[in-house]
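Chemist: Mind having a look at this structure? Questions to follow.
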Amino acid sequence: MMVSHAPSFPRENKWGNEQMSGKLIVVSNRIPTAATPSGGLVFALHETLRSTGGIWIGSDPEFRSTPSDELKKIGDQSDYQRLAFEMSEEDYKTFYLGFANSVLWPVCHRRGDLVQMSRRFEEGYRRVNKRLAQQIVNVADPEDMIWVHDYHFFPLASDLRELGFKGKIGFFLHIPFPALGDLGALPESANLARWLADYDLVGLQTRSDVARCLEMFRSELGAELMNDGKIKYGEQRVSVRSFPIGIDVEAFVATANQTSNDVEIAKDLSGEYVIGVDRLDYSKGLPNRFRAFGRYLETRKDKERRPSLLQIAPPTREGVTAYRDIRFELEELAGRLNGENAELDWTPLRYIHRNIDRDVLAKLYRNARVGLVTPFADGMNLVAKEYIAAQDPEDPGVLVLSRMAGAAEDMTEALLVNPYDIEEMSEALAQALDMPLEERKARYQDCMKRVKATDVGRWSENYLNALKDSRTNLSWNSFGDDQKESD
Ligand code: GDG
C-alpha cells in the first residue's frame with residue numbers, strides 16, 4: 001500500500017524538555033521489518049522513533065522493474081511508520097553495489113586501488129538519491145527534522161534543499177571520513193564538500209574524522225572555521241562534530257550473562273580460544289589476522305599450549321568482485337594454516353562463513369580469552385565494544401585492537417596494534433594470552449568505562465539534541481512558510 005502523506009506524531013520525546021514541533025524522519029539504507037528489531041544501532045533508532053513517533057525510511061529489499069514514485073509501507077507500523085523506497089535491479093547494481101560500495105566504501109577505507117569507476121554508477125547514485133528526496137518531500141512537513149545515515153546518501157540534503165525543504169537535516173557517517181588525498185579518487189561529480197554543506201549537522205565517529213572533514217571544507221570550499229566550532233560557507237553554517245557510536249550495553253551484558261544461552265562448545269574451543277567477528281570485508285584485515293595467528297603458533301614457547309582461533313565472518317556484498325576475492329584469499333589461508341598446524345586432536349582455526357545468532361555470539365565472546373579486532377580502517381567497530389561488554393568482570397579476556405579502528409581513539413587500554421605488522425600482532429596475542437589477572441581486570445575496567453560512556457541510546461540522544469540546536473543557512477531561518485503555502 002502506498003502512502004503520500006504521513007501524520008505528525010506530537011508525542012513526548014526523551015531527549016530534551018522541549019518537544020519537537022515536527023516529526024523525526026530517519027533515513028538509512030536498511031530498514032528493520034520485525035516489530036522489535038535487535039542489534040545495537042537498529043534497536044536504538046527503533047527506540048528513539050518509538051518514543052517520538054515519526055518515520056523510518058529505507059530501501060525495499062525486492063526489486064521492481066519500474067520503481068514507484070511513492071514510498072510504500074513495510075513491516076510493523078504500530079509505533080511509527082516504516083516506509084520503503086523501491087529500486088530496480090539496475091538501481092541496486094549501480095547505486096548500492098556500484099557507487100556506494102565500489103567507489104565510496106573503498107575511498108573512505110583508503111583502498112583507492114579497489115575503486116571501480118563507471119558513469120552508470122554515478123548516474124544510478126544520483127538517480128536514487130534524487131528520487132528519494134522527492135519521495136521524502138511528499139511525506140515531510142516543513143518543521144520535520146530529517147536524520148540521514150551513511151555514505152549511500154551523501155547528496156540527499158542538496159537534493160532536498162533543491163526541492164525547497166528548509167527544515168533541519170542531519171547526517172551521520174558510520175565509516176571513516178576520507179583524507180584529502182584520498183578524495184582525489186572520487187569522480188568529479190561527487191563533490192562531498194558541497195553535498196555536506198547542505199546539512200545542518202555532520203556527525204562523524206571520531207575526532208580524527210572531524211579533523212579530516214574540516215580540512216576538506218577549508219581546502220575545497222575555502223570555508224572558515226568559526227569560534228563556535230561551526231563551518232561558515234557563504235550564508236551557510238555547518239556543525240561538524242564527533243559522536244562515537246556504541247552498543248546497547250545493558251542488553252548486551254544481560255545476553256552474555258544469561259545461562260539459558262550456554263552453547264555447546266567444540267572440544268577445541270573448550271580450552272583457550274581467541275575470537276574474531278567481522279562481516280567478510282577487505283577493510284577488516286582478516287588475512288593478516290590469520291597470518292598473525294599462524295606466526296603466534298610458530299613462535300610460541302610452550303608447544304603444549306593449543307589455543308584456537310574462532311573466526312566468524314558472515315558473507316556481505318557478494319556482488320562486488322573485491323568481496324569475492326577476499327573470500328578466496330581467506331579460504332586459501334585458512335586451509336594452509338590448518339594444514340600446517342593441525343594435529344589429529346586439534347584444529348587451530350575454526351572459520352565460519354555464516355551468520356551466528358546474537359545470543360550465541362555474546363556467549364562466544366564471553367568465553368574467549370582474547371578478542372582480535374584488527375581492521376585496516378574502521379569507522380568505529382562495534383565488535384570491540386561487544387567483546388568488552390560480554391566479559392566476566394572477575395576474569396575478563398583481553399582485547400587486541402587495531403590502531404586504525406575508530407574505537408582505538410578512546411579504548412586506549414586495549415592492546416593496540418598495527419594491523420599491517422604481523423610480528424607485532426603475534427606478540428600482542430602472546431602478551432594477551434599470558435596476561436596476569438590483575439592487569440586484565442584493570443584494562444577491562446578502563447575499556448568498559450568507554451563502552452558505557454558511548455552507549456548507543458545516549459549516542460542517538462546526543463546527536464538529536466545537537467541537531468535540534470543547529471541551524472545552517474541563516475536565510476533558512478524563516479523555514480517552513482512558503483512550504484506550508486504550497487503544501
Ligand atoms: C559500520 C562501520 C561502525 C557480525 N557478524 C555477526 C554479527 N555481526 C555484528 C556484530 C556487530 C556488527 O555486526 C558489525 O558492526 P561493526 O561496527 O563491527 O562493523 P560494520 O558492519 O562495518 O559497521 C563500523 C558501524 O557501522 C556502526 O556505526 O562501527 O565502523 O563500518 O554488531 O556483532 N551479528 C550476528 N551474527 C554474526 O554472525 N548476530
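Labeling convention for the C-alpha cells: chains A, B, ... as they appear, residues from 1 per chain, ligands from 1 in order of appearance.
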Taking a cut-off of 7 Å and counting only C-alpha atoms and all ligand atoms, can you build a table that, for each residue of chain A near ligand 1, reports the nearest atom pair and how far apart they are in Å (one decimal), sorted by chain then residue number, as a tab-separated table?

Modeler:
residue	atom	partner	partner_atom_place_in_ligand_line	distance
A:Gly39	CA	ligand 1	32 (O)	6.3
A:Gly40	CA	ligand 1	32 (O)	6.5
A:Leu41	CA	ligand 1	27 (C)	6.8
A:His174	CA	ligand 1	28 (O)	4.2
A:Ile175	CA	ligand 1	2 (C)	4.9
A:Ile245	CA	ligand 1	28 (O)	5.8
A:Val277	CA	ligand 1	5 (N)	5.4
A:Asp278	CA	ligand 1	4 (C)	4.9
A:Arg279	CA	ligand 1	4 (C)	5.4
A:Ile312	CA	ligand 1	38 (O)	6.0
A:Ala313	CA	ligand 1	5 (N)	6.0
A:Pro314	CA	ligand 1	38 (O)	5.3
A:Arg354	CA	ligand 1	38 (O)	6.0
A:Asn355	CA	ligand 1	38 (O)	3.4
A:Ile356	CA	ligand 1	38 (O)	3.9
A:Asp357	CA	ligand 1	39 (N)	4.5
A:Arg358	CA	ligand 1	39 (N)	3.7
A:Leu361	CA	ligand 1	39 (N)	6.5
A:Asp378	CA	ligand 1	30 (O)	4.3
A:Gly379	CA	ligand 1	30 (O)	3.4
A:Met380	CA	ligand 1	29 (O)	3.7
A:Asn381	CA	ligand 1	17 (O)	3.5
A:Leu382	CA	ligand 1	17 (O)	3.7
A:Val383	CA	ligand 1	18 (O)	4.6
A:Glu386	CA	ligand 1	33 (O)	6.9
A:Gly406	CA	ligand 1	30 (O)	6.9

Chemist: Let's have the selection written as a CSV table (one decimal), in the first residue's frame, with C-alpha atoms.

Modeler:
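Dumped to selection_0.csv:
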chain,number,residue,atom,x,y,z
A,39,GLY,CA,21.1,-5.2,17.1
A,40,GLY,CA,22.6,-2.0,18.6
A,41,LEU,CA,22.1,0.8,16.1
A,174,HIS,CA,29.3,5.5,10.1
A,175,ILE,CA,32.5,4.8,8.2
A,245,ILE,CA,28.8,5.3,18.4
A,277,VAL,CA,33.8,-11.5,14.4
A,278,ASP,CA,33.5,-9.4,11.2
A,279,ARG,CA,31.5,-9.1,8.0
A,312,ILE,CA,33.1,-15.8,12.4
A,313,ALA,CA,32.8,-13.9,9.1
A,314,PRO,CA,29.3,-13.8,7.5
A,354,ARG,CA,27.8,-17.6,8.0
A,355,ASN,CA,25.7,-15.6,10.4
A,356,ILE,CA,25.6,-16.7,14.0
A,357,ASP,CA,22.7,-15.9,16.4
A,358,ARG,CA,23.4,-12.8,18.5
A,361,LEU,CA,27.7,-14.7,19.7
A,378,ASP,CA,37.0,1.2,10.5
A,379,GLY,CA,34.6,4.0,11.4
A,380,MET,CA,34.2,2.7,15.0
A,381,ASN,CA,34.0,-1.1,15.2
A,382,LEU,CA,31.2,-2.4,17.5
A,383,VAL,CA,32.7,-5.8,17.9
A,386,GLU,CA,30.6,-6.0,22.3
A,406,GLY,CA,37.7,4.4,15.5

Chemist: Taking the chain letters and numbering used in this document, name the residues of segment 255-450 of chain A that DSSP puts in alpha helix (DSSP H), as number ranges by chain.

Modeler: A: 255-257, 267-270, 286-299, 321-341, 358-367, 382-390, 422-434, 437-450

Chemist: Taking the backbone alone, and naming residues the way the document does, which bits of segment 174-279 of chain A are strand (DSSP E or B) by DSSP, as a list of chain:residue names?

Modeler: A:Leu201, A:Val202, A:Gly203, A:Leu204, A:Glu224, A:Leu225, A:Lys230, A:Ile231, A:Lys232, A:Tyr233, A:Gln236, A:Arg237, A:Val238, A:Ser239, A:Val240, A:Arg241, A:Ser242, A:Tyr273, A:Val274, A:Ile275, A:Gly276, A:Val277

Chemist: Now that the selection is made, can you save its residues with C-alpha atoms as a CSV table (one decimal), in the first residue's frame?

Modeler:
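The result, written out as out.csv:
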chain,number,residue,atom,x,y,z
A,201,LEU,CA,24.9,18.9,11.3
A,202,VAL,CA,27.5,16.5,10.1
A,203,GLY,CA,28.2,13.8,12.7
A,204,LEU,CA,31.3,11.7,12.5
A,224,GLU,CA,36.1,29.3,7.6
A,225,LEU,CA,36.1,27.6,11.0
A,230,LYS,CA,30.9,25.7,13.1
A,231,ILE,CA,32.0,25.9,9.5
A,232,LYS,CA,31.0,29.1,7.7
A,233,TYR,CA,30.5,28.8,3.9
A,236,GLN,CA,25.6,28.5,5.4
A,237,ARG,CA,26.7,27.3,8.8
A,238,VAL,CA,27.5,23.6,9.3
A,239,SER,CA,28.3,22.0,12.6
A,240,VAL,CA,30.8,19.2,12.3
A,241,ARG,CA,31.1,17.1,15.4
A,242,SER,CA,32.2,13.6,16.6
A,273,TYR,CA,40.4,-19.6,22.2
A,274,VAL,CA,40.7,-16.3,20.5
A,275,ILE,CA,37.7,-14.8,18.7
A,276,GLY,CA,37.2,-12.6,15.6
A,277,VAL,CA,33.8,-11.5,14.4

Chemist: Need the shell around segment 247-253 of chain A: protein/DNA/RNA residues with any atom at most 12 Å away, counting only C-alpha atoms. Skip same-chain ones fewer than 3 positions apart. Format as a PyMOL selection string?

Modeler: chain A and resi 38-45+47+244+256-258+358-363+365-366+380-393+407+448-460

Chemist: Selection from above, N, CA and C atoms, as a compact mmCIF listing (two decimals), in the first residue's frame, can you write it?

Modeler:
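Result file out_3.txt:
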# COMPACT_ATOMS: atom_id res chain seq x y z
N SER A 38 16.41 -6.30 16.64
CA SER A 38 17.54 -6.47 17.55
C SER A 38 18.78 -5.85 16.90
N GLY A 39 19.86 -5.77 17.65
CA GLY A 39 21.09 -5.17 17.12
C GLY A 39 21.17 -3.73 17.58
N GLY A 40 22.37 -3.29 17.98
CA GLY A 40 22.57 -2.01 18.64
C GLY A 40 21.96 -0.81 17.95
N LEU A 41 22.48 -0.46 16.79
CA LEU A 41 22.07 0.77 16.12
C LEU A 41 20.58 0.73 15.76
N VAL A 42 20.19 -0.39 15.14
CA VAL A 42 18.81 -0.52 14.69
C VAL A 42 17.87 -0.43 15.89
N PHE A 43 18.26 -1.08 16.99
CA PHE A 43 17.41 -1.07 18.18
C PHE A 43 17.33 0.35 18.75
N ALA A 44 18.45 1.07 18.79
CA ALA A 44 18.47 2.43 19.37
C ALA A 44 17.58 3.37 18.54
N LEU A 45 17.68 3.27 17.22
CA LEU A 45 16.86 4.15 16.38
C LEU A 45 15.38 3.77 16.51
N GLU A 47 14.00 2.51 19.20
CA GLU A 47 13.54 3.02 20.49
C GLU A 47 13.30 4.53 20.40
N PRO A 244 30.93 9.40 18.90
CA PRO A 244 31.35 7.99 18.81
C PRO A 244 30.20 7.05 19.15
N ALA A 256 25.02 -11.72 27.47
CA ALA A 256 26.26 -12.50 27.69
C ALA A 256 26.21 -13.23 29.04
N ASN A 257 25.44 -12.69 30.01
CA ASN A 257 25.35 -13.30 31.33
C ASN A 257 24.35 -14.45 31.42
N GLN A 258 23.40 -14.45 30.48
CA GLN A 258 22.33 -15.47 30.54
C GLN A 258 22.91 -16.87 30.55
N ARG A 358 22.77 -13.81 17.65
CA ARG A 358 23.37 -12.81 18.54
C ARG A 358 23.59 -13.35 19.96
N ASP A 359 22.64 -14.14 20.45
CA ASP A 359 22.76 -14.72 21.80
C ASP A 359 24.01 -15.60 21.88
N VAL A 360 24.18 -16.42 20.86
CA VAL A 360 25.32 -17.35 20.84
C VAL A 360 26.62 -16.54 20.73
N LEU A 361 26.57 -15.51 19.92
CA LEU A 361 27.74 -14.66 19.72
C LEU A 361 28.20 -14.07 21.06
N ALA A 362 27.24 -13.57 21.83
CA ALA A 362 27.57 -12.95 23.12
C ALA A 362 28.28 -13.96 24.02
N LYS A 363 27.81 -15.19 23.99
CA LYS A 363 28.40 -16.24 24.83
C LYS A 363 29.80 -16.60 24.33
N TYR A 365 31.85 -14.63 22.78
CA TYR A 365 32.74 -13.55 23.20
C TYR A 365 33.17 -13.77 24.65
N ARG A 366 32.17 -14.07 25.48
CA ARG A 366 32.45 -14.15 26.92
C ARG A 366 33.49 -15.22 27.24
N MET A 380 34.13 2.88 13.55
CA MET A 380 34.23 2.69 14.99
C MET A 380 34.70 1.27 15.27
N ASN A 381 33.87 0.30 15.01
CA ASN A 381 33.97 -1.13 15.25
C ASN A 381 33.25 -1.51 16.53
N LEU A 382 32.05 -2.01 16.35
CA LEU A 382 31.20 -2.36 17.49
C LEU A 382 31.59 -3.69 18.09
N VAL A 383 32.26 -4.54 17.32
CA VAL A 383 32.68 -5.83 17.86
C VAL A 383 33.62 -5.62 19.05
N ALA A 384 34.50 -4.62 18.94
CA ALA A 384 35.43 -4.33 20.05
C ALA A 384 34.64 -4.03 21.32
N LYS A 385 33.55 -3.27 21.18
CA LYS A 385 32.75 -2.88 22.35
C LYS A 385 31.93 -4.06 22.86
N GLU A 386 31.41 -4.86 21.91
CA GLU A 386 30.64 -6.04 22.32
C GLU A 386 31.53 -7.03 23.07
N TYR A 387 32.75 -7.21 22.59
CA TYR A 387 33.66 -8.17 23.26
C TYR A 387 33.89 -7.74 24.71
N ILE A 388 34.17 -6.46 24.91
CA ILE A 388 34.41 -5.96 26.27
C ILE A 388 33.15 -6.13 27.13
N ALA A 389 32.00 -5.73 26.60
CA ALA A 389 30.76 -5.79 27.38
C ALA A 389 30.41 -7.22 27.79
N ALA A 390 30.84 -8.19 26.98
CA ALA A 390 30.47 -9.58 27.26
C ALA A 390 31.35 -10.24 28.32
N GLN A 391 32.44 -9.58 28.73
CA GLN A 391 33.39 -10.25 29.62
C GLN A 391 32.88 -10.40 31.05
N ASP A 392 33.41 -11.41 31.73
CA ASP A 392 33.17 -11.60 33.16
C ASP A 392 34.11 -10.64 33.89
N PRO A 393 33.59 -9.66 34.64
CA PRO A 393 34.46 -8.66 35.27
C PRO A 393 35.49 -9.28 36.22
N ALA A 407 37.38 2.89 17.32
CA ALA A 407 37.27 2.52 18.74
C ALA A 407 38.59 2.74 19.49
N MET A 448 35.75 -0.78 29.67
CA MET A 448 34.31 -0.84 29.94
C MET A 448 33.75 0.56 30.22
N LYS A 449 34.57 1.41 30.85
CA LYS A 449 34.13 2.80 31.09
C LYS A 449 33.80 3.46 29.76
N ARG A 450 34.67 3.25 28.79
CA ARG A 450 34.46 3.86 27.47
C ARG A 450 33.22 3.27 26.78
N VAL A 451 33.05 1.96 26.95
CA VAL A 451 31.90 1.31 26.32
C VAL A 451 30.61 1.90 26.90
N LYS A 452 30.61 2.10 28.22
CA LYS A 452 29.39 2.64 28.85
C LYS A 452 29.17 4.09 28.43
N ALA A 453 30.27 4.84 28.33
CA ALA A 453 30.15 6.28 28.01
C ALA A 453 29.58 6.50 26.60
N THR A 454 29.70 5.49 25.74
CA THR A 454 29.24 5.68 24.35
C THR A 454 27.99 4.84 24.06
N ASP A 455 27.27 4.45 25.08
CA ASP A 455 26.06 3.65 24.90
C ASP A 455 25.21 4.21 23.75
N VAL A 456 24.67 3.33 22.95
CA VAL A 456 24.01 3.79 21.71
C VAL A 456 22.75 4.63 21.99
N GLY A 457 22.09 4.39 23.12
CA GLY A 457 20.91 5.20 23.46
C GLY A 457 21.33 6.65 23.69
N ARG A 458 22.43 6.80 24.43
CA ARG A 458 22.93 8.14 24.70
C ARG A 458 23.44 8.80 23.41
N TRP A 459 24.02 7.97 22.56
CA TRP A 459 24.54 8.45 21.28
C TRP A 459 23.43 9.10 20.46
N SER A 460 22.29 8.42 20.32
CA SER A 460 21.24 9.00 19.47
C SER A 460 20.65 10.23 20.15

Chemist: Might you pull out every residue within 12 Å of Phe290 of chain A, with only C-alpha atoms counted and same-chain residues fewer than 2 positions away left off, and present them as a PDB file with N, CA and C atoms, in the first residue's frame?

Modeler:
ATOM      1  N   VAL A 274      40.645 -17.704  20.880  1.00  0.00           N
ATOM      2  CA  VAL A 274      40.697 -16.292  20.528  1.00  0.00           C
ATOM      3  C   VAL A 274      39.554 -16.099  19.549  1.00  0.00           C
ATOM      4  N   ILE A 275      38.847 -14.956  19.629  1.00  0.00           N
ATOM      5  CA  ILE A 275      37.697 -14.803  18.719  1.00  0.00           C
ATOM      6  C   ILE A 275      37.837 -13.581  17.808  1.00  0.00           C
ATOM      7  N   GLY A 276      37.359 -13.722  16.578  1.00  0.00           N
ATOM      8  CA  GLY A 276      37.229 -12.604  15.641  1.00  0.00           C
ATOM      9  C   GLY A 276      35.819 -12.669  15.060  1.00  0.00           C
ATOM     10  N   LYS A 284      38.510  -5.227   7.018  1.00  0.00           N
ATOM     11  CA  LYS A 284      38.597  -5.782   8.373  1.00  0.00           C
ATOM     12  C   LYS A 284      39.938  -6.475   8.666  1.00  0.00           C
ATOM     13  N   GLY A 285      40.788  -6.583   7.669  1.00  0.00           N
ATOM     14  CA  GLY A 285      42.142  -7.098   7.905  1.00  0.00           C
ATOM     15  C   GLY A 285      42.226  -8.574   8.265  1.00  0.00           C
ATOM     16  N   LEU A 286      41.310  -9.390   7.717  1.00  0.00           N
ATOM     17  CA  LEU A 286      41.284 -10.802   8.121  1.00  0.00           C
ATOM     18  C   LEU A 286      42.499 -11.617   7.674  1.00  0.00           C
ATOM     19  N   PRO A 287      42.979 -11.446   6.442  1.00  0.00           N
ATOM     20  CA  PRO A 287      44.150 -12.252   6.062  1.00  0.00           C
ATOM     21  C   PRO A 287      45.339 -12.018   6.991  1.00  0.00           C
ATOM     22  N   ASN A 288      45.615 -10.762   7.330  1.00  0.00           N
ATOM     23  CA  ASN A 288      46.745 -10.509   8.232  1.00  0.00           C
ATOM     24  C   ASN A 288      46.489 -11.074   9.634  1.00  0.00           C
ATOM     25  N   ALA A 292      48.935 -13.544  11.457  1.00  0.00           N
ATOM     26  CA  ALA A 292      49.485 -13.257  12.784  1.00  0.00           C
ATOM     27  C   ALA A 292      49.228 -14.433  13.726  1.00  0.00           C
ATOM     28  N   PHE A 293      48.067 -15.077  13.587  1.00  0.00           N
ATOM     29  CA  PHE A 293      47.784 -16.226  14.442  1.00  0.00           C
ATOM     30  C   PHE A 293      48.740 -17.377  14.090  1.00  0.00           C
ATOM     31  N   GLY A 294      48.955 -17.554  12.782  1.00  0.00           N
ATOM     32  CA  GLY A 294      49.900 -18.582  12.340  1.00  0.00           C
ATOM     33  C   GLY A 294      51.292 -18.306  12.895  1.00  0.00           C
ATOM     34  N   ARG A 295      51.695 -17.057  12.855  1.00  0.00           N
ATOM     35  CA  ARG A 295      53.022 -16.667  13.370  1.00  0.00           C
ATOM     36  C   ARG A 295      53.104 -16.930  14.876  1.00  0.00           C
ATOM     37  N   TYR A 296      52.013 -16.648  15.572  1.00  0.00           N
ATOM     38  CA  TYR A 296      51.996 -16.923  17.013  1.00  0.00           C
ATOM     39  C   TYR A 296      52.197 -18.427  17.263  1.00  0.00           C
ATOM     40  N   LEU A 297      51.488 -19.251  16.480  1.00  0.00           N
ATOM     41  CA  LEU A 297      51.608 -20.700  16.695  1.00  0.00           C
ATOM     42  C   LEU A 297      53.041 -21.165  16.462  1.00  0.00           C
ATOM     43  N   SER A 308      42.949 -21.900  20.050  1.00  0.00           N
ATOM     44  CA  SER A 308      42.353 -21.903  18.710  1.00  0.00           C
ATOM     45  C   SER A 308      41.930 -20.491  18.351  1.00  0.00           C
ATOM     46  N   LEU A 309      41.778 -20.259  17.075  1.00  0.00           N
ATOM     47  CA  LEU A 309      41.180 -19.002  16.620  1.00  0.00           C
ATOM     48  C   LEU A 309      39.811 -19.326  16.047  1.00  0.00           C
ATOM     49  N   LEU A 310      38.774 -18.719  16.620  1.00  0.00           N
ATOM     50  CA  LEU A 310      37.422 -18.872  16.087  1.00  0.00           C
ATOM     51  C   LEU A 310      37.096 -17.604  15.315  1.00  0.00           C
ATOM     52  N   GLN A 311      36.990 -17.715  14.014  1.00  0.00           N
ATOM     53  CA  GLN A 311      36.678 -16.536  13.189  1.00  0.00           C
ATOM     54  C   GLN A 311      35.291 -16.688  12.586  1.00  0.00           C
ATOM     55  N   GLU A 329      40.873 -15.539  -0.939  1.00  0.00           N
ATOM     56  CA  GLU A 329      42.176 -15.384  -0.269  1.00  0.00           C
ATOM     57  C   GLU A 329      42.119 -15.989   1.138  1.00  0.00           C
ATOM     58  N   LEU A 330      41.015 -15.717   1.815  1.00  0.00           N
ATOM     59  CA  LEU A 330      40.876 -16.178   3.193  1.00  0.00           C
ATOM     60  C   LEU A 330      40.740 -17.695   3.265  1.00  0.00           C
ATOM     61  N   GLU A 331      39.980 -18.257   2.298  1.00  0.00           N
ATOM     62  CA  GLU A 331      39.800 -19.716   2.301  1.00  0.00           C
ATOM     63  C   GLU A 331      41.145 -20.407   2.076  1.00  0.00           C
ATOM     64  N   GLU A 332      41.954 -19.818   1.209  1.00  0.00           N
ATOM     65  CA  GLU A 332      43.253 -20.421   0.931  1.00  0.00           C
ATOM     66  C   GLU A 332      44.146 -20.356   2.178  1.00  0.00           C
ATOM     67  N   LEU A 333      44.130 -19.188   2.815  1.00  0.00           N
ATOM     68  CA  LEU A 333      44.949 -19.010   4.020  1.00  0.00           C
ATOM     69  C   LEU A 333      44.505 -19.937   5.144  1.00  0.00           C
ATOM     70  N   ALA A 334      43.182 -20.077   5.279  1.00  0.00           N
ATOM     71  CA  ALA A 334      42.638 -20.919   6.356  1.00  0.00           C
ATOM     72  C   ALA A 334      43.073 -22.363   6.135  1.00  0.00           C
ATOM     73  N   GLY A 335      42.985 -22.826   4.889  1.00  0.00           N
ATOM     74  CA  GLY A 335      43.371 -24.193   4.567  1.00  0.00           C
ATOM     75  C   GLY A 335      44.836 -24.417   4.894  1.00  0.00           C
ATOM     76  N   ARG A 336      45.674 -23.436   4.519  1.00  0.00           N
ATOM     77  CA  ARG A 336      47.109 -23.580   4.743  1.00  0.00           C
ATOM     78  C   ARG A 336      47.433 -23.595   6.242  1.00  0.00           C
ATOM     79  N   LEU A 337      46.778 -22.664   6.969  1.00  0.00           N
ATOM     80  CA  LEU A 337      47.046 -22.552   8.405  1.00  0.00           C
ATOM     81  C   LEU A 337      46.720 -23.866   9.122  1.00  0.00           C
ATOM     82  N   ASN A 338      45.575 -24.431   8.810  1.00  0.00           N
ATOM     83  CA  ASN A 338      45.210 -25.693   9.455  1.00  0.00           C
ATOM     84  C   ASN A 338      46.081 -26.837   8.959  1.00  0.00           C
ATOM     85  N   PRO A 348      43.441 -25.785  14.777  1.00  0.00           N
ATOM     86  CA  PRO A 348      43.753 -24.448  15.311  1.00  0.00           C
ATOM     87  C   PRO A 348      42.807 -23.356  14.854  1.00  0.00           C
ATOM     88  N   LEU A 349      42.309 -23.432  13.607  1.00  0.00           N
ATOM     89  CA  LEU A 349      41.447 -22.357  13.114  1.00  0.00           C
ATOM     90  C   LEU A 349      40.058 -22.890  12.811  1.00  0.00           C
ATOM     91  N   ARG A 350      39.065 -22.243  13.335  1.00  0.00           N
ATOM     92  CA  ARG A 350      37.674 -22.573  13.024  1.00  0.00           C
ATOM     93  C   ARG A 350      37.097 -21.342  12.333  1.00  0.00           C
ATOM     94  N   TYR A 351      36.815 -21.494  11.069  1.00  0.00           N
ATOM     95  CA  TYR A 351      36.388 -20.350  10.269  1.00  0.00           C
ATOM     96  C   TYR A 351      34.948 -20.583   9.838  1.00  0.00           C
ATOM     97  N   LEU A 372      40.076 -10.458  18.990  1.00  0.00           N
ATOM     98  CA  LEU A 372      41.014  -9.917  17.995  1.00  0.00           C
ATOM     99  C   LEU A 372      40.243  -9.050  17.007  1.00  0.00           C
ATOM    100  N   VAL A 373      40.530  -7.743  17.023  1.00  0.00           N
ATOM    101  CA  VAL A 373      39.824  -6.799  16.155  1.00  0.00           C
ATOM    102  C   VAL A 373      40.907  -6.014  15.421  1.00  0.00           C
ATOM    103  N   THR A 374      41.153  -6.371  14.164  1.00  0.00           N
ATOM    104  CA  THR A 374      42.354  -5.833  13.506  1.00  0.00           C
ATOM    105  C   THR A 374      42.080  -5.217  12.127  1.00  0.00           C
ATOM    106  N   PRO A 419      47.781  -3.154  12.240  1.00  0.00           N
ATOM    107  CA  PRO A 419      47.255  -4.326  11.532  1.00  0.00           C
ATOM    108  C   PRO A 419      48.083  -4.750  10.323  1.00  0.00           C
ATOM    109  N   ILE A 422      52.545  -8.081  11.140  1.00  0.00           N
ATOM    110  CA  ILE A 422      52.189  -9.447  11.562  1.00  0.00           C
ATOM    111  C   ILE A 422      52.912  -9.810  12.864  1.00  0.00           C
ATOM    112  N   GLU A 423      54.204  -9.423  12.907  1.00  0.00           N
ATOM    113  CA  GLU A 423      55.022  -9.761  14.072  1.00  0.00           C
ATOM    114  C   GLU A 423      54.447  -9.110  15.340  1.00  0.00           C
ATOM    115  N   MET A 425      51.409  -8.094  15.872  1.00  0.00           N
ATOM    116  CA  MET A 425      50.123  -8.692  16.266  1.00  0.00           C
ATOM    117  C   MET A 425      50.328 -10.046  16.926  1.00  0.00           C
ATOM    118  N   SER A 426      51.314 -10.809  16.436  1.00  0.00           N
ATOM    119  CA  SER A 426      51.541 -12.128  17.044  1.00  0.00           C
ATOM    120  C   SER A 426      52.113 -11.963  18.457  1.00  0.00           C
ATOM    121  N   LEU A 429      49.283 -11.042  20.737  1.00  0.00           N
ATOM    122  CA  LEU A 429      48.481 -12.231  21.061  1.00  0.00           C
ATOM    123  C   LEU A 429      49.110 -13.003  22.212  1.00  0.00           C
TER     124      LEU A 429
END

Chemist: Can you pull out every residue within 12 Å of Glu438 of chain A, counting only C-alpha atoms, but drop anything in the same chain fewer than 2 positions away, and send it as a PyMOL selection string?

Modeler: chain A and resi 393-398+434-436+440-445

Chemist: At what distance in Å, to one decimal, does atom CA of Ile25 of chain A lie from atom CA of Leu156 of chain A?

Modeler: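 Distance reported for this atom pair: 13.0 Å.
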
Chemist: Would you mind reading off the distance between atom CA of Asn227 of chain A and atom CA of Leu214 of chain A, one decimal, in Å?

Modeler: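 Computing the Euclidean distance for atom CA of Asn227 of chain A and atom CA of Leu214 of chain A yields 13.5 Å.
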
Chemist: I'd like the neighbourhood of Val107 of chain A as a PyMOL selection string, where a residue qualifies if any of its atoms comes within 12 Å (using only C-alpha atoms), though same-chain residues fewer than 4 positions away should be ignored.

Modeler: chain A and resi 99-103+111-117+151+175-187+190+192+283+377

Chemist: Please save C-alpha atoms of the selected residues as a compact mmCIF listing (two decimals), in the first residue's frame.

Modeler:
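Saved result, again13.txt, follows:
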# COMPACT_ATOMS: atom_id res chain seq x y z
CA PHE A 99 28.72 3.80 -6.44
CA ALA A 100 28.13 3.21 -2.72
CA ASN A 101 30.16 0.03 -2.33
CA SER A 102 32.61 0.04 -5.24
CA VAL A 103 33.50 3.75 -5.10
CA ARG A 111 41.52 1.46 -0.82
CA GLY A 112 41.58 3.69 -3.88
CA ASP A 113 43.10 0.70 -5.74
CA LEU A 114 39.75 -1.12 -5.44
CA VAL A 115 37.61 1.70 -6.83
CA GLN A 116 35.54 0.70 -9.88
CA MET A 117 34.79 3.77 -11.95
CA TYR A 151 27.52 7.15 2.60
CA ILE A 175 32.53 4.85 8.21
CA PRO A 176 35.86 6.76 8.25
CA PHE A 177 35.91 10.24 6.76
CA PRO A 178 38.38 10.15 3.85
CA ALA A 179 41.65 12.08 3.92
CA LEU A 180 42.02 14.95 1.48
CA GLY A 181 44.45 12.97 -0.66
CA ASP A 182 42.01 10.05 -0.99
CA LEU A 183 39.16 12.30 -2.11
CA GLY A 184 41.03 12.63 -5.40
CA ALA A 185 39.93 9.07 -6.22
CA LEU A 186 36.30 10.21 -6.41
CA PRO A 187 34.82 11.27 -9.74
CA ALA A 190 30.97 13.56 -6.32
CA LEU A 192 31.45 15.73 -0.89
CA SER A 283 38.69 -3.44 5.38
CA ALA A 377 40.29 1.10 8.60

Chemist: Calculated over only C-alpha atoms, which of the candidates A:Trp105, A:Tyr125, A:Arg131, A:Leu280 has the smallest distance to Glu86 of chain A?

Modeler: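 Of A:Trp105, A:Tyr125, A:Arg131, A:Leu280, the one nearest Glu86 of chain A, counting only C-alpha atoms, is A:Arg131.
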